[in-house]
file start-v4.tsv (TSV, C-alpha atoms)
chain	number	residue	atom	x	y	z
A	2	MET	CA	51.97	222.32	62.27
A	3	LYS	CA	50.81	220.94	65.60
A	4	LYS	CA	49.17	224.28	66.35
A	5	ILE	CA	47.14	224.16	63.12
A	6	TYR	CA	46.09	220.59	63.90
A	7	ASN	CA	44.81	221.65	67.33
A	8	ILE	CA	42.76	224.51	65.82
A	9	VAL	CA	41.08	222.19	63.28
A	10	LEU	CA	40.31	219.66	65.98
A	11	ALA	CA	38.73	222.31	68.21
A	12	THR	CA	36.58	223.66	65.35
A	13	THR	CA	35.31	220.18	64.49
A	14	PHE	CA	34.40	219.53	68.11
A	15	ILE	CA	32.39	222.79	68.31
A	16	LEU	CA	30.42	221.97	65.14
A	17	LEU	CA	29.61	218.45	66.32
A	18	PHE	CA	28.45	219.74	69.68
A	19	GLY	CA	26.18	222.36	68.05
A	20	ALA	CA	24.55	219.79	65.78
A	21	CYS	CA	23.82	217.48	68.67
A	22	SER	CA	22.29	220.33	70.66
A	23	THR	CA	19.99	221.27	67.71
A	24	LYS	CA	18.77	217.69	67.35
A	25	GLU	CA	18.04	217.48	71.04
A	26	LYS	CA	15.99	220.72	70.90
A	27	LYS	CA	14.04	219.54	67.85
A	28	ALA	CA	13.35	216.23	69.53
A	29	GLU	CA	12.10	218.03	72.62
A	30	GLU	CA	9.66	220.33	70.73
A	31	PRO	CA	7.15	217.66	69.58
A	32	GLN	CA	7.25	216.13	73.01
A	33	ALA	CA	6.38	219.47	74.55
A	34	GLY	CA	3.53	219.96	72.06
A	35	MET	CA	2.12	216.52	72.79
A	36	ASN	CA	1.96	217.28	76.46
A	37	MET	CA	-0.07	220.53	75.96
A	38	PRO	CA	-3.61	220.17	77.40
A	39	MET	CA	-6.50	220.58	74.89
A	40	SER	CA	-9.50	222.75	75.88
A	41	PHE	CA	-12.72	223.25	73.92
A	42	GLU	CA	-15.20	226.01	74.73
A	43	THR	CA	-18.87	225.20	74.15
A	44	VAL	CA	-22.06	227.22	73.94
A	45	LYS	CA	-25.64	226.22	74.73
A	46	LEU	CA	-28.27	226.85	72.08
A	47	LYS	CA	-31.29	229.00	72.76
A	48	LYS	CA	-33.88	230.42	70.40
A	49	SER	CA	-34.31	234.14	69.81
A	50	ASN	CA	-36.18	236.40	67.42
A	51	PRO	CA	-34.08	239.51	66.76
A	52	THR	CA	-34.74	242.11	64.12
A	53	VAL	CA	-32.02	241.73	61.53
A	54	PRO	CA	-31.15	244.83	59.48
A	55	VAL	CA	-30.39	244.25	55.81
A	56	ARG	CA	-28.89	246.83	53.47
A	57	LEU	CA	-29.88	246.66	49.81
A	58	PRO	CA	-29.50	248.87	46.75
A	59	GLY	CA	-32.75	250.19	45.31
A	60	GLU	CA	-34.03	252.24	42.40
A	61	LEU	CA	-36.58	255.04	42.39
A	62	ILE	CA	-39.01	255.02	39.49
A	63	ALA	CA	-41.89	257.31	38.62
A	64	ASP	CA	-45.26	256.23	39.97
A	65	GLN	CA	-46.58	256.62	36.42
A	66	GLU	CA	-44.68	257.02	33.17
A	67	VAL	CA	-46.04	257.13	29.64
A	68	GLN	CA	-44.34	257.22	26.26
A	69	ILE	CA	-46.47	259.14	23.79
A	70	TYR	CA	-46.52	258.14	20.11
A	71	ALA	CA	-48.50	259.39	17.13
A	72	LYS	CA	-51.48	257.20	16.28
A	73	VAL	CA	-51.90	258.39	12.68
A	74	ALA	CA	-49.52	259.59	9.99
A	75	SER	CA	-49.41	263.38	10.24
A	76	TYR	CA	-47.26	266.49	10.63
A	77	VAL	CA	-46.57	268.26	13.93
A	78	GLN	CA	-48.43	271.55	13.80
A	79	THR	CA	-47.83	272.97	17.28
A	80	LEU	CA	-45.59	271.85	20.13
A	81	LYS	CA	-46.76	273.38	23.39
A	82	VAL	CA	-44.30	271.79	25.85
A	83	ASP	CA	-40.62	270.99	26.18
A	84	VAL	CA	-38.36	269.02	28.50
A	85	GLY	CA	-39.02	270.05	32.09
A	86	SER	CA	-42.49	271.46	31.41
A	87	LYS	CA	-45.02	270.85	34.18
A	88	VAL	CA	-48.30	269.60	32.73
A	89	SER	CA	-51.80	268.99	34.07
A	90	GLN	CA	-54.12	266.15	33.19
A	91	GLY	CA	-55.96	266.89	29.94
A	92	GLN	CA	-53.60	269.69	28.90
A	93	VAL	CA	-52.88	269.89	25.15
A	94	LEU	CA	-49.28	268.89	24.45
A	95	ILE	CA	-49.08	268.54	20.66
A	96	THR	CA	-51.44	269.25	17.77
A	97	MET	CA	-50.91	267.64	14.38
A	98	GLU	CA	-52.45	268.01	10.95
A	99	ALA	CA	-53.29	265.42	8.32
A	100	PRO	CA	-55.01	266.89	5.20
A	101	GLU	CA	-56.11	263.46	3.96
A	102	ILE	CA	-58.05	262.86	7.18
A	103	ASN	CA	-59.89	266.15	6.71
A	104	SER	CA	-60.83	265.09	3.17
A	105	GLN	CA	-61.94	261.66	4.34
A	106	LEU	CA	-63.98	263.22	7.10
A	107	ALA	CA	-65.75	265.62	4.70
A	108	SER	CA	-66.50	262.76	2.29
A	109	ALA	CA	-67.82	260.56	5.08
A	110	LEU	CA	-69.99	263.39	6.37
A	111	SER	CA	-71.58	264.00	2.95
A	112	LYS	CA	-72.30	260.29	2.49
A	113	MET	CA	-73.84	260.09	5.92
A	114	LYS	CA	-76.08	263.09	5.21
A	115	ALA	CA	-77.15	261.57	1.87
A	116	GLN	CA	-78.00	258.23	3.47
A	117	GLU	CA	-79.82	260.03	6.24
A	118	ALA	CA	-82.01	261.87	3.69
A	119	ILE	CA	-82.79	258.64	1.82
A	120	TYR	CA	-83.70	256.89	5.04
A	121	ILE	CA	-85.93	259.76	6.21
A	122	ALA	CA	-87.81	259.70	2.88
A	123	THR	CA	-88.21	255.92	2.95
A	124	LYS	CA	-89.33	256.03	6.58
A	125	ALA	CA	-92.00	258.61	5.71
A	126	THR	CA	-93.29	256.40	2.85
A	127	TYR	CA	-93.30	253.41	5.16
A	128	ASP	CA	-95.30	255.28	7.80
A	129	ARG	CA	-97.92	256.37	5.22
A	130	THR	CA	-98.20	252.84	3.84
A	131	ILE	CA	-98.71	251.32	7.26
A	132	LYS	CA	-101.33	253.95	8.09
A	133	ALA	CA	-103.16	253.30	4.81
A	134	ALA	CA	-103.04	249.56	5.40
A	135	GLN	CA	-105.30	250.05	8.39
A	136	THR	CA	-108.13	250.40	5.86
A	137	GLU	CA	-109.02	246.92	4.71
A	138	GLY	CA	-108.03	246.28	1.08
A	139	ALA	CA	-106.37	249.69	0.58
A	140	VAL	CA	-102.79	248.33	0.39
A	141	SER	CA	-101.68	244.88	-0.66
A	142	GLN	CA	-99.47	242.76	1.58
A	143	ASP	CA	-96.81	242.69	-1.16
A	144	ALA	CA	-96.56	246.49	-1.11
A	145	ILE	CA	-96.21	246.46	2.68
A	146	ASP	CA	-93.41	243.88	2.50
A	147	GLN	CA	-91.52	245.84	-0.16
A	148	ILE	CA	-91.63	249.16	1.68
A	149	THR	CA	-90.65	247.46	4.94
A	150	ALA	CA	-87.60	245.84	3.30
A	151	LYS	CA	-86.56	249.14	1.69
A	152	LYS	CA	-86.90	250.96	5.00
A	153	ASP	CA	-84.72	248.38	6.76
A	154	ALA	CA	-82.08	248.48	3.99
A	155	ASP	CA	-81.92	252.29	3.97
A	156	GLU	CA	-81.67	252.33	7.75
A	157	ALA	CA	-78.75	249.88	7.61
A	158	GLN	CA	-77.00	252.01	4.98
A	159	TYR	CA	-77.46	255.11	7.11
A	160	THR	CA	-76.12	253.33	10.21
A	161	ALA	CA	-73.07	252.11	8.28
A	162	SER	CA	-72.29	255.55	6.89
A	163	LYS	CA	-72.61	257.04	10.36
A	164	SER	CA	-70.14	254.45	11.71
A	165	VAL	CA	-67.63	255.34	8.99
A	166	TYR	CA	-67.94	259.01	9.82
A	167	GLN	CA	-67.49	258.38	13.55
A	168	GLU	CA	-64.43	256.23	12.88
A	169	ILE	CA	-62.74	258.97	10.84
A	170	LYS	CA	-63.81	261.54	13.42
A	171	ALA	CA	-62.10	259.44	16.09
A	172	MET	CA	-58.93	259.38	13.99
A	173	GLU	CA	-59.12	263.16	13.78
A	174	ASN	CA	-59.20	263.32	17.58
A	175	TYR	CA	-55.83	261.54	17.64
A	176	LEU	CA	-54.34	264.63	16.01
A	177	VAL	CA	-54.54	266.37	19.39
A	178	ILE	CA	-52.36	264.81	22.11
A	179	ARG	CA	-53.25	265.59	25.73
A	180	ALA	CA	-51.51	264.84	29.01
A	181	PRO	CA	-52.88	261.60	30.50
A	182	PHE	CA	-52.03	262.75	34.04
A	183	SER	CA	-50.34	265.61	35.86
A	184	GLY	CA	-46.57	265.42	35.83
A	185	ILE	CA	-43.47	266.59	34.02
A	186	VAL	CA	-42.16	266.16	30.47
A	187	THR	CA	-38.85	264.32	30.71
A	188	GLU	CA	-38.13	263.66	27.04
A	189	ARG	CA	-38.94	265.28	23.67
A	190	ASN	CA	-38.04	263.71	20.33
A	191	THR	CA	-39.92	265.82	17.77
A	192	ASP	CA	-40.13	269.34	16.33
A	193	ILE	CA	-42.71	271.48	14.57
A	194	GLY	CA	-43.21	270.29	11.00
A	195	ALA	CA	-41.85	266.81	11.64
A	196	TYR	CA	-43.58	263.89	9.94
A	197	VAL	CA	-44.73	261.41	12.56
A	198	GLY	CA	-46.85	258.32	12.70
A	199	PRO	CA	-46.74	254.53	12.80
A	200	ALA	CA	-44.78	254.43	9.54
A	201	GLY	CA	-42.99	257.74	9.94
A	202	LYS	CA	-39.28	258.30	10.31
A	203	GLY	CA	-38.28	258.15	13.95
A	204	SER	CA	-41.46	256.33	14.97
A	205	ASP	CA	-39.33	253.96	17.08
A	206	ARG	CA	-38.88	256.79	19.61
A	207	PRO	CA	-41.75	258.45	21.48
A	208	LEU	CA	-42.71	262.03	20.71
A	209	LEU	CA	-42.81	262.82	24.43
A	210	VAL	CA	-42.25	261.05	27.73
A	211	VAL	CA	-44.33	262.23	30.68
A	212	GLN	CA	-43.67	261.13	34.27
A	213	LYS	CA	-45.65	261.64	37.43
A	214	ASP	CA	-43.02	263.12	39.73
A	215	ALA	CA	-45.18	263.96	42.75
A	216	ALA	CA	-45.10	260.30	43.78
A	217	LEU	CA	-42.35	257.75	43.26
A	218	ARG	CA	-41.88	254.04	43.80
A	219	LEU	CA	-38.83	252.52	45.46
A	220	VAL	CA	-38.08	249.13	43.94
A	221	LEU	CA	-36.03	246.57	45.87
A	222	ALA	CA	-34.94	243.05	44.94
A	223	ILE	CA	-35.17	240.83	48.02
A	224	PRO	CA	-32.84	237.79	47.84
A	225	GLU	CA	-34.58	234.42	47.97
A	226	ALA	CA	-33.24	233.63	51.45
A	227	HIS	CA	-34.84	236.80	52.88
A	228	THR	CA	-38.25	236.65	51.18
A	229	PRO	CA	-40.05	234.82	54.06
A	230	TYR	CA	-39.23	237.66	56.44
A	231	VAL	CA	-40.55	240.59	54.37
A	232	GLN	CA	-44.17	241.49	55.03
A	233	LEU	CA	-46.52	244.17	53.73
A	234	SER	CA	-46.39	247.36	55.83
A	235	ASP	CA	-42.76	246.73	56.86
A	236	THR	CA	-40.80	249.97	57.26
A	237	VAL	CA	-38.01	250.78	54.83
A	238	LYS	CA	-35.52	253.61	55.33
A	239	PHE	CA	-33.34	254.86	52.50
A	240	SER	CA	-31.03	257.66	51.47
A	241	ALA	CA	-29.77	258.97	48.14
A	242	LYS	CA	-26.11	259.63	47.40
A	243	SER	CA	-26.90	263.15	46.18
A	244	ILE	CA	-28.57	264.06	49.50
A	245	PRO	CA	-26.91	261.79	52.10
A	246	GLN	CA	-27.88	264.04	54.98
A	247	LYS	CA	-31.57	263.17	54.62
A	248	VAL	CA	-33.20	259.82	55.41
A	249	PHE	CA	-36.53	258.93	53.81
A	250	THR	CA	-39.07	256.44	55.11
A	251	GLY	CA	-41.73	254.35	53.40
A	252	LEU	CA	-43.82	251.21	53.82
A	253	VAL	CA	-43.83	248.05	51.74
A	254	VAL	CA	-47.10	248.19	49.78
A	255	ARG	CA	-46.57	245.65	46.99
A	256	LYS	CA	-44.86	242.25	46.74
A	257	ALA	CA	-44.41	240.41	43.46
A	258	GLY	CA	-45.17	237.01	44.98
A	259	ALA	CA	-42.66	235.38	42.63
A	260	LEU	CA	-38.91	235.37	42.02
A	261	ASP	CA	-37.29	237.15	39.11
A	262	SER	CA	-35.98	234.63	36.58
A	263	LYS	CA	-32.58	236.34	36.36
A	264	LEU	CA	-31.87	237.64	39.85
A	265	ARG	CA	-33.78	234.92	41.74
A	266	ALA	CA	-35.13	237.70	43.93
A	267	GLU	CA	-38.60	239.00	44.77
A	268	ARG	CA	-39.55	242.51	43.71
A	269	ILE	CA	-41.10	244.71	46.37
A	270	GLU	CA	-42.27	248.30	46.02
A	271	ILE	CA	-42.52	251.17	48.47
A	272	ASP	CA	-44.63	254.26	47.74
A	273	VAL	CA	-42.71	257.50	48.31
A	274	LEU	CA	-44.22	260.98	48.47
A	275	ASN	CA	-41.76	263.23	46.65
A	276	GLN	CA	-42.12	266.36	48.71
A	277	ASP	CA	-40.33	269.39	47.26
A	278	ASN	CA	-39.29	267.18	44.32
A	279	VAL	CA	-35.90	266.48	45.89
A	280	LEU	CA	-35.91	262.89	44.64
A	281	LEU	CA	-35.66	262.04	40.96
A	282	PRO	CA	-36.76	258.96	39.04
A	283	ARG	CA	-33.92	256.51	38.22
A	284	MET	CA	-31.98	257.46	41.35
A	285	ILE	CA	-30.04	254.59	42.96
A	286	VAL	CA	-30.47	254.62	46.75
A	287	ASP	CA	-29.19	252.71	49.78
A	288	ALA	CA	-32.14	251.08	51.52
A	289	ASN	CA	-32.34	249.46	54.94
A	290	ILE	CA	-35.07	247.00	55.88
A	291	THR	CA	-35.37	245.01	59.10
A	292	LEU	CA	-36.19	241.32	58.81
A	293	GLN	CA	-37.97	239.47	61.61
A	294	SER	CA	-39.18	235.88	61.67
A	295	LYS	CA	-42.67	234.86	62.70
A	296	GLU	CA	-41.17	232.54	65.34
A	297	PRO	CA	-37.87	232.28	67.27
A	298	THR	CA	-34.93	230.49	65.65
A	299	PHE	CA	-31.32	229.60	66.50
A	300	PHE	CA	-28.59	232.23	66.12
A	301	ILE	CA	-25.06	230.98	66.74
A	302	PRO	CA	-21.61	232.64	66.67
A	303	LYS	CA	-20.05	232.58	63.23
A	304	SER	CA	-17.01	230.82	64.70
A	305	ALA	CA	-19.22	227.81	65.54
A	306	LEU	CA	-20.16	227.22	61.90
A	307	VAL	CA	-18.12	225.34	59.30
A	308	ASP	CA	-18.81	226.25	55.68
A	309	GLY	CA	-16.32	224.37	53.54
A	310	ASN	CA	-15.77	221.55	51.10
A	311	MET	CA	-17.42	219.05	53.46
A	312	GLY	CA	-20.62	221.09	53.64
A	313	VAL	CA	-22.18	223.43	56.18
A	314	TYR	CA	-22.37	222.05	59.70
A	315	VAL	CA	-21.83	222.55	63.42
A	316	MET	CA	-20.21	220.26	65.97
A	317	LYS	CA	-22.72	219.19	68.62
A	318	ILE	CA	-21.61	217.57	71.87
A	319	VAL	CA	-23.36	214.22	72.31
A	320	GLU	CA	-22.37	212.09	75.34
A	321	GLY	CA	-19.15	214.01	75.65
A	322	LYS	CA	-18.09	213.57	72.03
A	323	THR	CA	-18.31	215.76	68.92
A	324	GLN	CA	-20.95	214.96	66.35
A	325	LYS	CA	-21.34	216.67	62.98
A	326	VAL	CA	-24.81	218.17	62.41
A	327	PRO	CA	-25.56	219.55	58.90
A	328	VAL	CA	-27.38	222.88	58.94
A	329	ARG	CA	-28.72	225.48	56.54
A	330	LYS	CA	-27.74	229.12	56.82
A	331	GLY	CA	-30.26	231.91	57.28
A	332	ARG	CA	-29.88	235.56	58.17
A	333	THR	CA	-26.68	237.19	59.39
A	334	ASN	CA	-26.86	239.47	62.41
A	335	GLY	CA	-23.51	241.00	63.29
A	336	MET	CA	-21.21	238.24	64.55
A	337	THR	CA	-24.02	235.67	64.69
A	338	ILE	CA	-25.76	233.69	61.97
A	339	GLU	CA	-29.12	231.95	61.81
A	340	VAL	CA	-29.03	228.17	61.28
A	341	PHE	CA	-31.63	225.47	60.68
A	342	GLY	CA	-31.04	221.79	61.33
A	343	ASN	CA	-31.47	218.92	63.76
A	344	LEU	CA	-30.91	221.10	66.80
A	345	GLU	CA	-32.83	221.60	70.03
A	346	PRO	CA	-32.72	224.22	72.78
A	347	ASN	CA	-29.94	223.60	75.34
A	348	ASP	CA	-27.91	221.53	72.88
A	349	GLU	CA	-24.19	222.18	73.29
A	350	ILE	CA	-22.01	222.98	70.30
A	351	LEU	CA	-18.35	223.85	69.96
A	352	LEU	CA	-17.76	227.59	69.95
A	353	LYS	CA	-14.74	227.46	67.65
A	354	VAL	CA	-14.52	224.85	64.92
A	355	SER	CA	-12.81	224.30	61.60
A	356	GLU	CA	-12.63	221.61	58.96
A	357	GLU	CA	-9.81	220.03	60.99
A	358	THR	CA	-12.18	219.42	63.91
A	359	LYS	CA	-12.97	215.71	63.83
A	360	GLU	CA	-16.04	213.76	64.87
A	361	ASN	CA	-16.05	211.57	68.01
A	362	MET	CA	-13.47	213.76	69.68
A	363	PHE	CA	-13.73	213.55	73.46
A	364	ILE	CA	-14.67	216.87	75.03
A	365	PRO	CA	-13.85	216.96	78.76
A	366	LYS	CA	-16.49	218.44	81.03
A	367	LYS	CA	-15.70	221.71	82.70
call {"tool": "encode", "arguments": {"input": "start-v4.tsv", "output": "structure tokens"}}
result
Amino acid sequence: MKKIYNIVLATTFILLFGACSTKEKKAEEPQAGMNMPMSFETVKLKKSNPTVPVRLPGELIADQEVQIYAKVASYVQTLKVDVGSKVSQGQVLITMEAPEINSQLASALSKMKAQEAIYIATKATYDRTIKAAQTEGAVSQDAIDQITAKKDADEAQYTASKSVYQEIKAMENYLVIRAPFSGIVTERNTDIGAYVGPAGKGSDRPLLVVQKDAALRLVLAIPEAHTPYVQLSDTVKFSAKSIPQKVFTGLVVRKAGALDSKLRAERIEIDVLNQDNVLLPRMIVDANITLQSKEPTFFIPKSALVDGNMGVYVMKIVEGKTQKVPVRKGRTNGMTIEVFGNLEPNDEILLKVSEETKENMFIPKK
């Protein structure tokens, strides 16, 4: 019994000793942390003007694209092209027939000829009357007025009939569809014998779509923050996923001058010569454009910028203490970022900051 009592007593002593040792260690840890020296690395600001590469997705579109519809109600008589057909400007693509237009044209032609004959006869009578009137008293003034009025009326009727004929003739010309420019047929939505026209079935889709494939346009959407740095004649390099081994180059030739209402980005266009037709309209490409400011600005390490719930700012050293300076972000260049704010060259800022970094902290001089 005494032996068991000694064992219990020894165990209790060991446990109490261990607990005391743990408390002493825990009490020593904060003390050790409080005695650790604090060091803050700073960096001096200087302005620079680097070229900042930006990678953006882009889309290739045809330099010209036209959707061809039928102007008048008619039937497709001949279809001379198909998808993939190369066409030249002025080449006949489709001919159509409309029997009612032929009838209207014949009727208008006969009316025009009849009015022309009436006018010619009246004009001859008018000329004889005027010639006879040169003899004093041979023709009364009333007769001259009547023949003059009839001549003018017949001339007006003839002019009107000629206009009607020309209008129907113009409608007849719409029955022949020609290529507006040289390119390629990319879509066909009709067949021989199909009824087409403004009120025809399927009129919501074009008969043909023709694209100019010898030249393309690369369209890019430049984010609002980058628009001040993009200028006309800037170089753009891009590559397509289907031919990644080849890099294409073009120049910025058009800027929208306004932001898109949905993307809040400015549209720019680059003309691209499509040599060997290796590029296709509607391709999505990876484009690279370099952005450069008109004047030097401040680029700081990303670690020196705080972008959190309290805003975007840096910690400037003023009289040996930290001071929060709100800034606006600009371009990103590798591990540095462009900032705008109440900063001057040679100002010192903390190199590494976080939201836990407080204002008015004393920064010892090195």
call {"tool": "residues_around", "arguments": {"input": "start-v4.tsv", "residues": "Ala215 (chain A)", "least_positions_apart": "6", "cutoff": "8 Å", "atoms": "all atoms listed in the file", "output": "PyMOL selection string"}}
result
chain A and resi 184+274-276+278
call {"tool": "residues_around", "arguments": {"input": "start-v4.tsv", "residues": "region 83-85 of chain A", "least_positions_apart": "6", "cutoff": "9 Å", "atoms": "all atoms listed in the file", "output": "ChimeraX atom specification"}}
result
/A:185-189,209-210
call {"tool": "residues_around", "arguments": {"input": "start-v4.tsv", "residues": "Gln293 (chain A)", "least_positions_apart": "2", "cutoff": "9 Å", "atoms": "only C-alpha atoms", "output": "list in words"}}
result
Asn50, Pro51, Thr52, Val53, Pro54, Tyr230, Val231, Thr291, Lys295 and Glu296 of chain A
call {"tool": "closest_atom_pairs", "arguments": {"input": "start-v4.tsv", "of": "region 85-128 of chain A", "to": "region 156-163 of chain A", "cutoff": "6 Å", "atoms": "all atoms listed in the file", "output": "Markdown table"}}
result
| residue | atom | partner | partner_atom | distance |
| --- | --- | --- | --- | --- |
| A:Met113 | CA | A:Ser162 | CA | 4.9 |
| A:Gln116 | CA | A:Tyr159 | CA | 4.8 |
| A:Glu117 | CA | A:Tyr159 | CA | 5.5 |
| A:Tyr120 | CA | A:Glu156 | CA | 5.7 |
call {"tool": "closest_residue", "arguments": {"input": "start-v4.tsv", "among": "A:Pro365, A:Pro297, A:Pro327, A:Gly91", "to": "Val177 (chain A)", "atoms": "all atoms listed in the file"}}
result
A:Gly91
call {"tool": "closest_residue", "arguments": {"input": "start-v4.tsv", "among": "A:Lys256, A:Arg218, A:Lys247, A:Arg129", "to": "Ser234 (chain A)", "atoms": "only C-alpha atoms"}}
result
A:Lys256
call {"tool": "closest_residue", "arguments": {"input": "start-v4.tsv", "among": "A:Val354, A:Ile223, A:Val319, A:Ile338", "to": "Ser304 (chain A)", "atoms": "all atoms listed in the file"}}
result
A:Val354
call {"tool": "residues_around", "arguments": {"input": "start-v4.tsv", "residues": "region 280-287 of chain A", "least_positions_apart": "5", "cutoff": "7 Å", "atoms": "only C-alpha atoms", "output": "MDAnalysis selection string"}}
result
chainID A and resid 56:63 239:242 275
call {"tool": "write_last_selection", "arguments": {"input": "start-v4.tsv", "atoms": "C-alpha atoms", "output": "JSON list (two decimals), in the frame of the given file"}}
result
[["chain", "number", "residue", "atom", "x", "y", "z"],
["A", 56, "ARG", "CA", -28.89, 246.83, 53.47],
["A", 57, "LEU", "CA", -29.88, 246.66, 49.81],
["A", 58, "PRO", "CA", -29.50, 248.87, 46.75],
["A", 59, "GLY", "CA", -32.75, 250.19, 45.31],
["A", 60, "GLU", "CA", -34.03, 252.24, 42.40],
["A", 61, "LEU", "CA", -36.58, 255.04, 42.39],
["A", 62, "ILE", "CA", -39.01, 255.02, 39.49],
["A", 63, "ALA", "CA", -41.89, 257.31, 38.62],
["A", 239, "PHE", "CA", -33.34, 254.86, 52.50],
["A", 240, "SER", "CA", -31.03, 257.66, 51.47],
["A", 241, "ALA", "CA", -29.77, 258.97, 48.14],
["A", 242, "LYS", "CA", -26.11, 259.63, 47.40],
["A", 275, "ASN", "CA", -41.76, 263.23, 46.65]]
call {"tool": "atom_distance", "arguments": {"input": "start-v4.tsv", "atom1": "CA of Phe341 (chain A)", "atom2": "CA of Phe300 (chain A)"}}
result
9.2 Å
